[in-house]
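Raw my_file_21.tsv, TSV, C-alpha atoms and all ligand atoms:
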```tsv
chain	number	residue	atom	x	y	z
A	1462	MET	CA	-150.67	17.21	56.44
A	1463	ALA	CA	-152.66	17.41	53.23
A	1464	LYS	CA	-156.33	16.57	53.46
A	1465	PRO	CA	-157.00	12.91	52.51
A	1466	PRO	CA	-158.70	12.44	49.13
A	1467	ARG	CA	-162.48	12.11	48.92
A	1468	PRO	CA	-163.25	8.42	49.41
A	1469	LEU	CA	-164.83	6.32	46.70
A	1470	ILE	CA	-167.17	3.38	47.20
A	1471	ALA	CA	-167.43	1.51	43.90
A	1472	GLY	CA	-169.62	-1.52	43.24
A	1473	ASN	CA	-168.31	-4.08	40.77
A	1474	TRP	CA	-171.27	-6.09	39.56
A	1475	LYS	CA	-168.95	-8.43	37.60
A	1476	MET	CA	-170.90	-10.68	35.17
A	1477	ASN	CA	-174.16	-10.16	37.03
A	1478	GLY	CA	-177.08	-8.09	35.94
A	1479	LEU	CA	-180.00	-8.37	33.53
A	1480	SER	CA	-182.46	-5.58	32.94
A	1481	ALA	CA	-184.32	-6.71	36.09
A	1482	SER	CA	-181.26	-5.63	38.12
A	1483	LEU	CA	-181.89	-2.04	37.10
A	1484	ASN	CA	-184.32	-2.01	39.97
A	1485	GLU	CA	-181.40	-2.18	42.43
A	1486	ALA	CA	-179.83	0.86	40.77
A	1487	ARG	CA	-183.20	2.61	40.94
A	1488	LEU	CA	-183.53	1.76	44.64
A	1489	LEU	CA	-180.03	3.00	45.41
A	1490	ALA	CA	-180.64	6.24	43.55
A	1491	GLY	CA	-183.85	6.70	45.55
A	1492	MET	CA	-182.00	6.19	48.82
A	1493	LEU	CA	-179.20	8.61	47.94
A	1494	LYS	CA	-181.09	11.36	46.14
A	1495	GLY	CA	-180.67	14.62	48.01
A	1496	VAL	CA	-178.25	13.05	50.51
A	1497	LYS	CA	-175.01	14.96	50.97
A	1498	LEU	CA	-172.46	12.21	50.58
A	1499	VAL	CA	-169.05	12.23	52.20
A	1500	CYS	CA	-167.82	9.68	49.67
A	1501	GLU	CA	-168.23	9.36	45.95
A	1502	VAL	CA	-170.42	6.42	44.92
A	1503	MET	CA	-170.02	4.42	41.72
A	1504	ILE	CA	-171.63	1.39	40.12
A	1505	CYS	CA	-169.71	-0.68	37.56
A	1506	PRO	CA	-172.40	-2.82	35.92
A	1507	PRO	CA	-171.80	-5.09	32.93
A	1508	ALA	CA	-171.25	-3.04	29.76
A	1509	THR	CA	-174.77	-3.90	28.54
A	1510	LEU	CA	-176.26	-1.91	31.42
A	1511	ILE	CA	-173.98	1.14	31.54
A	1512	GLY	CA	-176.34	3.39	29.59
A	1513	PRO	CA	-179.53	2.41	31.43
A	1514	VAL	CA	-177.87	2.53	34.88
A	1515	ARG	CA	-176.41	5.94	34.12
A	1516	LYS	CA	-179.87	7.25	33.27
A	1517	LEU	CA	-181.32	5.96	36.54
A	1518	VAL	CA	-178.58	7.17	38.89
A	1519	LYS	CA	-177.44	10.45	37.37
A	1520	SER	CA	-179.74	12.64	39.44
A	1521	ALA	CA	-178.50	10.99	42.65
A	1522	LYS	CA	-174.92	11.89	41.64
A	1523	ILE	CA	-173.91	8.24	41.48
A	1524	LYS	CA	-171.15	7.62	38.95
A	1525	VAL	CA	-170.98	4.71	36.54
A	1526	GLY	CA	-167.91	2.73	35.46
A	1527	GLY	CA	-166.95	-0.10	33.14
A	1528	GLN	CA	-165.24	-3.33	34.22
A	1529	ASP	CA	-162.64	-3.59	31.46
A	1530	CYS	CA	-161.64	-1.91	28.20
A	1531	HIS	CA	-159.52	-2.62	25.15
A	1532	GLN	CA	-156.31	-0.64	24.87
A	1533	LYS	CA	-157.10	0.71	21.40
A	1534	GLU	CA	-159.63	3.40	20.55
A	1535	SER	CA	-161.38	1.44	17.78
A	1536	GLY	CA	-160.69	-1.19	15.16
A	1537	ALA	CA	-161.03	-4.83	14.21
A	1538	HIS	CA	-161.34	-6.34	17.71
A	1539	THR	CA	-164.58	-8.27	17.72
A	1540	GLY	CA	-166.33	-8.27	21.06
A	1541	ASP	CA	-164.07	-5.70	22.68
A	1542	ILE	CA	-165.08	-2.31	24.02
A	1543	SER	CA	-162.84	0.77	24.06
A	1544	ALA	CA	-162.50	3.29	26.84
A	1545	GLU	CA	-163.95	5.89	24.47
A	1546	MET	CA	-167.05	3.69	24.00
A	1547	LEU	CA	-167.47	3.34	27.77
A	1548	LYS	CA	-167.26	7.10	28.15
A	1549	ASP	CA	-169.74	7.58	25.32
A	1550	ALA	CA	-172.16	5.20	27.10
A	1551	GLY	CA	-171.96	7.24	30.31
A	1552	ALA	CA	-169.01	5.78	32.22
A	1553	SER	CA	-166.58	8.06	34.00
A	1554	ALA	CA	-164.21	5.27	35.05
A	1555	VAL	CA	-163.12	1.75	34.18
A	1556	ILE	CA	-161.69	-1.07	36.27
A	1557	VAL	CA	-158.49	-2.48	34.75
A	1558	GLY	CA	-156.41	-5.47	35.79
A	1559	HIS	CA	-158.98	-7.06	38.06
A	1560	SER	CA	-157.54	-10.39	39.28
A	1561	GLU	CA	-160.39	-12.21	37.53
A	1562	ARG	CA	-159.27	-10.71	34.21
A	1563	ARG	CA	-155.63	-11.40	35.00
A	1564	ALA	CA	-156.59	-15.05	35.72
A	1565	ASP	CA	-159.32	-15.65	33.11
A	1566	HIS	CA	-157.72	-13.73	30.24
A	1567	GLY	CA	-154.02	-13.93	31.09
A	1568	GLU	CA	-153.73	-10.16	31.38
A	1569	THR	CA	-150.17	-9.14	32.20
A	1570	ASP	CA	-149.06	-5.94	33.90
A	1571	ALA	CA	-148.10	-4.59	30.46
A	1572	VAL	CA	-151.64	-5.18	29.19
A	1573	VAL	CA	-153.10	-3.60	32.31
A	1574	ARG	CA	-150.87	-0.57	31.86
A	1575	ALA	CA	-151.96	-0.21	28.21
A	1576	LYS	CA	-155.59	-0.34	29.34
A	1577	ALA	CA	-154.98	2.24	32.06
A	1578	ARG	CA	-153.31	4.43	29.45
A	1579	ALA	CA	-156.38	3.99	27.23
A	1580	ALA	CA	-158.62	5.20	30.05
A	1581	MET	CA	-156.39	8.27	30.50
A	1582	ARG	CA	-156.53	8.90	26.75
A	1583	ALA	CA	-160.34	8.72	26.80
A	1584	GLY	CA	-160.56	10.98	29.82
A	1585	ILE	CA	-162.01	8.46	32.25
A	1586	VAL	CA	-160.54	7.26	35.55
A	1587	ALA	CA	-158.56	4.00	35.54
A	1588	ILE	CA	-159.19	1.88	38.63
A	1589	ILE	CA	-156.06	-0.29	38.61
A	1590	CYS	CA	-156.34	-3.51	40.65
A	1591	VAL	CA	-153.45	-5.24	42.39
A	1592	GLY	CA	-153.26	-7.97	45.01
A	1593	GLU	CA	-151.53	-11.16	46.03
A	1594	THR	CA	-152.68	-14.77	45.98
A	1595	LEU	CA	-152.88	-16.86	49.15
A	1596	GLU	CA	-149.66	-18.69	48.23
A	1597	GLN	CA	-147.86	-15.39	47.79
A	1598	ARG	CA	-149.13	-14.09	51.12
A	1599	LYS	CA	-148.10	-17.30	52.91
A	1600	ALA	CA	-144.66	-16.99	51.34
A	1601	GLY	CA	-144.30	-13.45	52.68
A	1602	GLN	CA	-144.31	-11.96	49.17
A	1603	THR	CA	-147.31	-9.63	49.48
A	1604	LEU	CA	-145.46	-6.32	49.37
A	1605	ALA	CA	-143.08	-7.46	46.63
A	1606	VAL	CA	-145.97	-8.70	44.48
A	1607	VAL	CA	-147.91	-5.48	44.91
A	1608	SER	CA	-144.81	-3.38	44.13
A	1609	ALA	CA	-144.15	-5.30	40.92
A	1610	GLN	CA	-147.78	-4.99	39.84
A	1611	LEU	CA	-147.78	-1.24	40.47
A	1612	GLN	CA	-144.47	-0.71	38.70
A	1613	GLY	CA	-145.78	-2.72	35.73
A	1614	SER	CA	-149.29	-1.33	35.52
A	1615	VAL	CA	-149.32	2.33	36.53
A	1616	PRO	CA	-148.69	4.38	33.36
A	1617	GLU	CA	-146.20	7.20	33.17
A	1618	GLY	CA	-147.90	10.53	33.70
A	1619	ALA	CA	-150.60	9.04	35.95
A	1620	THR	CA	-152.26	11.61	38.19
A	1621	ALA	CA	-154.45	11.44	41.27
A	1622	ALA	CA	-157.37	12.69	39.19
A	1623	GLY	CA	-156.88	10.01	36.54
A	1624	VAL	CA	-156.00	6.94	38.52
A	1625	VAL	CA	-157.36	5.01	41.50
A	1626	VAL	CA	-155.60	1.94	42.88
A	1627	ALA	CA	-157.61	-0.95	44.31
A	1628	TYR	CA	-155.84	-3.40	46.61
A	1629	GLU	CA	-157.72	-6.67	46.31
A	1630	PRO	CA	-156.04	-9.71	47.87
A	1631	VAL	CA	-157.11	-12.53	45.55
A	1632	TRP	CA	-157.82	-14.84	48.50
A	1633	ALA	CA	-160.24	-12.32	50.00
A	1634	ILE	CA	-162.41	-11.97	46.89
A	1635	GLY	CA	-165.77	-13.67	47.28
A	1636	THR	CA	-164.55	-15.81	50.18
A	1637	GLY	CA	-165.79	-13.93	53.24
A	1638	LEU	CA	-162.16	-13.72	54.39
A	1639	THR	CA	-160.39	-10.40	54.85
A	1640	PRO	CA	-156.94	-9.38	56.04
A	1641	THR	CA	-156.91	-7.76	59.48
A	1642	ALA	CA	-157.16	-3.98	59.65
A	1643	ALA	CA	-153.44	-3.85	60.51
A	1644	GLU	CA	-152.54	-5.99	57.48
A	1645	VAL	CA	-154.66	-3.80	55.19
A	1646	GLY	CA	-152.98	-0.71	56.66
A	1647	ASP	CA	-149.50	-2.12	56.02
A	1648	VAL	CA	-150.23	-2.85	52.37
A	1649	HIS	CA	-151.98	0.49	51.75
A	1650	ALA	CA	-149.10	2.44	53.30
A	1651	HIS	CA	-146.73	0.46	51.09
A	1652	ILE	CA	-148.84	1.20	48.01
A	1653	ARG	CA	-148.76	4.92	48.79
A	1654	ARG	CA	-144.96	4.83	49.14
A	1655	GLU	CA	-144.66	3.01	45.80
A	1656	LEU	CA	-147.00	5.48	44.14
A	1657	GLY	CA	-144.79	8.24	45.51
A	1658	LYS	CA	-141.89	6.80	43.53
A	1659	LEU	CA	-144.00	6.42	40.40
A	1660	MET	CA	-146.07	9.61	40.42
A	1661	GLY	CA	-144.25	11.87	42.85
A	1662	LYS	CA	-145.26	12.28	46.46
A	1663	PRO	CA	-147.81	15.12	46.06
A	1664	GLU	CA	-149.86	13.13	43.52
A	1665	ALA	CA	-149.48	9.93	45.54
A	1666	ARG	CA	-150.87	11.62	48.63
A	1667	LYS	CA	-154.00	12.63	46.69
A	1668	THR	CA	-154.50	9.25	44.97
A	1669	ARG	CA	-157.33	7.10	46.23
A	1670	ILE	CA	-156.35	3.61	47.33
A	1671	LEU	CA	-159.40	1.35	47.69
A	1672	TYR	CA	-159.60	-1.90	49.57
A	1673	GLY	CA	-161.54	-4.75	47.93
A	1674	GLY	CA	-162.31	-8.32	48.98
A	1675	SER	CA	-165.35	-9.40	51.02
A	1676	VAL	CA	-166.31	-5.88	52.09
A	1677	LYS	CA	-169.75	-6.12	53.72
A	1678	PRO	CA	-171.95	-3.74	55.72
A	1679	GLY	CA	-170.67	-5.46	58.90
A	1680	ASN	CA	-166.95	-4.87	58.29
A	1681	ALA	CA	-166.95	-1.71	56.16
A	1682	ALA	CA	-166.64	0.80	59.00
A	1683	GLU	CA	-163.58	-0.93	60.45
A	1684	LEU	CA	-161.86	-1.34	57.09
A	1685	MET	CA	-162.65	2.19	55.90
A	1686	ALA	CA	-161.20	3.64	59.12
A	1687	VAL	CA	-157.76	2.18	58.37
A	1688	PRO	CA	-155.19	4.87	57.51
A	1689	ASP	CA	-154.49	5.10	53.77
A	1690	VAL	CA	-157.77	3.36	52.90
A	1691	ASN	CA	-159.75	5.79	50.75
A	1692	GLY	CA	-162.78	3.68	49.96
A	1693	ALA	CA	-163.78	0.24	48.75
A	1694	LEU	CA	-164.24	-1.82	45.62
A	1695	VAL	CA	-167.19	-4.05	46.44
A	1696	GLY	CA	-168.30	-7.18	44.59
A	1697	GLY	CA	-171.12	-9.33	45.96
A	1698	ALA	CA	-172.42	-6.79	48.46
A	1699	SER	CA	-172.91	-4.19	45.71
A	1700	LEU	CA	-175.59	-6.22	43.95
A	1701	LYS	CA	-178.32	-5.37	46.43
A	1702	ALA	CA	-178.98	-1.70	47.15
A	1703	ALA	CA	-179.78	-2.51	50.80
A	1704	ASP	CA	-176.31	-4.04	51.33
A	1705	PHE	CA	-174.44	-1.47	49.28
A	1706	ILE	CA	-175.99	1.40	51.21
A	1707	GLY	CA	-174.76	-0.25	54.42
A	1708	ILE	CA	-171.20	0.08	53.10
A	1709	ILE	CA	-171.68	3.65	51.85
A	1710	LYS	CA	-172.85	4.53	55.36
A	1711	ALA	CA	-169.37	3.73	56.69
A	1712	TYR	CA	-168.59	7.27	55.54
A	1713	SER	CA	-171.61	9.12	56.88
B	1801	LIG	P1	-166.32	-9.42	46.76
B	1801	LIG	O1	-166.71	-8.13	47.43
B	1801	LIG	O2	-167.48	-10.20	46.25
B	1801	LIG	O3	-165.36	-10.20	47.60
B	1801	LIG	O4	-165.49	-9.01	45.42
B	1801	LIG	C1	-164.48	-8.08	45.50
B	1801	LIG	C2	-164.08	-7.69	44.13
B	1801	LIG	O5	-163.50	-8.48	43.42
B	1801	LIG	C3	-164.42	-6.34	43.67
B	1801	LIG	O6	-163.79	-6.04	42.48
```

Take the structure I supplied and represent it as structure tokens, if you would.
Ligand code: 13P
Amino acid sequence: MAKPPRPLIAGNWKMNGLSASLNEARLLAGMLKGVKLVCEVMICPPATLIGPVRKLVKSAKIKVGGQDCHQKESGAHTGDISAEMLKDAGASAVIVGHSERRADHGETDAVVRAKARAAMRAGIVAIICVGETLEQRKAGQTLAVVSAQLQGSVPEGATAAGVVVAYEPVWAIGTGLTPTAAEVGDVHAHIRRELGKLMGKPEARKTRILYGGSVKPGNAAELMAVPDVNGALVGGASLKAADFIGIIKAYS
């Protein structure tokens, strides 16, 4: 059996963070400096803070990511930010297709795929989010929904180095609810099989599949121990360094 990929714990700050929040990044960097980490650690702050966060956390080997990008490199798209711009500001990854963007901005799988392709073009990692709603889960459609999202959003030529998949059940985001460990394991195993069809099995085996949705210090160890879970995409609990470190410790 090939060695599992190095896990990734990524914090998605969403639309939270003023310059005062830089203190949390500073605290986290202080806690992790000199620590030999089993997992990779990343903060995805709002775009306004990418540069300043990067400066604060670089020496602690914490990575920085964006939360969205436009599919084009540049042009007349007022208010949008390209993957190249994120990279230039210090990001090494970008989240694409988060369910909040799919819901708030009507992003389709085709749009998500174009954004993932843009990240690949810019040379940053695309963290592609998928996940079912509560209605879909109740209707027994979880695996079918996730398959369709993957088929629609993972670009051709995607590699384990260029792409991360985040499974985020919509009903688990910000609710305090999570699927059971067995349910998470079923979906992650399914995602890996689907990625095998899309990328080829060797790449699929090396691709990180994160779980996201109400990950907290209290449940991280159990969730991260599930087979085929290679880390977490964390919302609320990534905003405070003290909480986020509790999740990172699931891998120490
Ligand atoms: P919470 O951890 O706040 O549930 O958010 C998860 C999420 O959406 C991360 O992208």

task: Pick out the residues sitting within 8 Å of Gly1635 in chain A, and hand them over as a ChimeraX atom specification; count only C-alpha atoms, and ignore anything fewer than 2 positions along from it in its own chain.
output: /A:1633,1637-1638,1674-1675,1696-1697

Taking only C-alpha atoms and all ligand atoms into account, report as a CSV table (one decimal) with C-alpha atoms, in the coordinates of the input which residues have an atom no farther than 10 Å from an atom of ligand LIG 1801 (chain B).
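Heads up, here's the output in pocket.csv:
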```csv
chain,number,residue,atom,x,y,z
A,1471,ALA,CA,-167.4,1.5,43.9
A,1472,GLY,CA,-169.6,-1.5,43.2
A,1473,ASN,CA,-168.3,-4.1,40.8
A,1474,TRP,CA,-171.3,-6.1,39.6
A,1475,LYS,CA,-169.0,-8.4,37.6
A,1505,CYS,CA,-169.7,-0.7,37.6
A,1528,GLN,CA,-165.2,-3.3,34.2
A,1556,ILE,CA,-161.7,-1.1,36.3
A,1558,GLY,CA,-156.4,-5.5,35.8
A,1559,HIS,CA,-159.0,-7.1,38.1
A,1560,SER,CA,-157.5,-10.4,39.3
A,1561,GLU,CA,-160.4,-12.2,37.5
A,1588,ILE,CA,-159.2,1.9,38.6
A,1590,CYS,CA,-156.3,-3.5,40.6
A,1627,ALA,CA,-157.6,-1.0,44.3
A,1628,TYR,CA,-155.8,-3.4,46.6
A,1629,GLU,CA,-157.7,-6.7,46.3
A,1630,PRO,CA,-156.0,-9.7,47.9
A,1631,VAL,CA,-157.1,-12.5,45.6
A,1632,TRP,CA,-157.8,-14.8,48.5
A,1633,ALA,CA,-160.2,-12.3,50.0
A,1634,ILE,CA,-162.4,-12.0,46.9
A,1635,GLY,CA,-165.8,-13.7,47.3
A,1636,THR,CA,-164.6,-15.8,50.2
A,1637,GLY,CA,-165.8,-13.9,53.2
A,1638,LEU,CA,-162.2,-13.7,54.4
A,1639,THR,CA,-160.4,-10.4,54.8
A,1672,TYR,CA,-159.6,-1.9,49.6
A,1673,GLY,CA,-161.5,-4.8,47.9
A,1674,GLY,CA,-162.3,-8.3,49.0
A,1675,SER,CA,-165.4,-9.4,51.0
A,1676,VAL,CA,-166.3,-5.9,52.1
A,1677,LYS,CA,-169.8,-6.1,53.7
A,1693,ALA,CA,-163.8,0.2,48.8
A,1694,LEU,CA,-164.2,-1.8,45.6
A,1695,VAL,CA,-167.2,-4.0,46.4
A,1696,GLY,CA,-168.3,-7.2,44.6
A,1697,GLY,CA,-171.1,-9.3,46.0
A,1698,ALA,CA,-172.4,-6.8,48.5
A,1699,SER,CA,-172.9,-4.2,45.7
A,1700,LEU,CA,-175.6,-6.2,44.0
```

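For the pair CA of Asp1704 in chain A and CA of Val1591 in chain A, the interatomic distance is 24.6 Å.
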
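The closest residue to Ala1554 in chain A, picked from A:Ala1643, A:Val1606, A:Val1586, A:Val1573 and counting only C-alpha atoms, is A:Val1586.
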
- request: Counting all atoms listed in the file, figure out which residue out of A:Ala1702, A:Ala1575, A:Ile1652, A:Ala1583 gets nearest to Arg1669 in chain A.
  value: A:Ile1652

- request: Might you pull out every residue within 12 Å of Thr1509 in chain A, with all atoms listed in the file counted and same-chain residues fewer than 6 positions away left off, and present them as JSON, numbers by chain?
  value: {"A": [1474, 1475, 1476, 1477, 1478, 1479, 1480, 1482, 1483, 1515, 1526, 1527, 1528, 1542, 1546, 1547, 1550, 1551, 1552]}

message: What's around range 1614-1626 of chain A at 7 Å? Count all atoms listed in the file, leave out sequence neighbours fewer than 2 positions away in its own chain, and write the answer as a ChimeraX atom specification.
response: /A:1570-1571,1573-1574,1577-1578,1581,1585-1590,1610-1612,1628,1660,1664-1665,1667-1671

Can you sort out the box for range 1616-1630 of chain A, edges along x, y and z, all listed atoms in, 8 Å on every side, with centre and edge lengths in Å to one decimal, as JSON?
```
{"center_x": -152.0, "center_y": 1.5, "center_z": 40.5, "size_x": 27.5, "size_y": 38.4, "size_z": 30.7}
```

statement: One residue among A:Lys1524, A:His1649, A:Lys1701, A:Lys1710 is nearest to Leu1489 in chain A when using all atoms listed in the file, and that residue is A:Lys1701

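Coordinates place CA of Ala1481 in chain A at a distance of 24.5 Å from CA of Cys1530 in chain A.
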
query: To one decimal place, how far is CA of Ala1609 in chain A from CA of Pro1465 in chain A in Å?
result: 25.1 Å

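Among the candidates A:Glu1501, A:Glu1655, A:Glu1485, A:Glu1593, the one nearest to Arg1467 in chain A when counting all atoms listed in the file is A:Glu1501.
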
Report as a PDB file with C-alpha atoms, in the coordinates of the input all protein, DNA and RNA residues lying within 9 Å of Leu1684 in chain A, evaluated on all atoms listed in the file, omitting residues in the same chain fewer than 3 positions from it.
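Result saved to out-v8.pdb:
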```pdb
ATOM      1  CA  THR A1641    -156.910  -7.760  59.480  1.00  0.00           C
ATOM      2  CA  ALA A1642    -157.160  -3.980  59.650  1.00  0.00           C
ATOM      3  CA  VAL A1645    -154.660  -3.800  55.190  1.00  0.00           C
ATOM      4  CA  GLY A1646    -152.980  -0.710  56.660  1.00  0.00           C
ATOM      5  CA  TYR A1672    -159.600  -1.900  49.570  1.00  0.00           C
ATOM      6  CA  VAL A1676    -166.310  -5.880  52.090  1.00  0.00           C
ATOM      7  CA  ASN A1680    -166.950  -4.870  58.290  1.00  0.00           C
ATOM      8  CA  ALA A1681    -166.950  -1.710  56.160  1.00  0.00           C
ATOM      9  CA  VAL A1687    -157.760   2.180  58.370  1.00  0.00           C
ATOM     10  CA  VAL A1690    -157.770   3.360  52.900  1.00  0.00           C
ATOM     11  CA  GLY A1692    -162.780   3.680  49.960  1.00  0.00           C
ATOM     12  CA  ALA A1693    -163.780   0.240  48.750  1.00  0.00           C
TER      13      ALA A1693
END
```

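Comparing the minimum interatomic distances between Ala1605 in chain A and each of A:Val1648, A:Lys1464, A:Lys1494, A:Gly1657, counting all atoms listed in the file, we find that A:Val1648 sits nearest.
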
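Summary of the local environment: counting all atoms listed in the file, residues at most 10 Å from Val1499 in chain A, other than itself and those fewer than 6 positions away along its chain, are A:Arg1467, A:Pro1468, A:Leu1469, A:Ile1709, A:Lys1710, A:Ala1711, A:Tyr1712, A:Ser1713.
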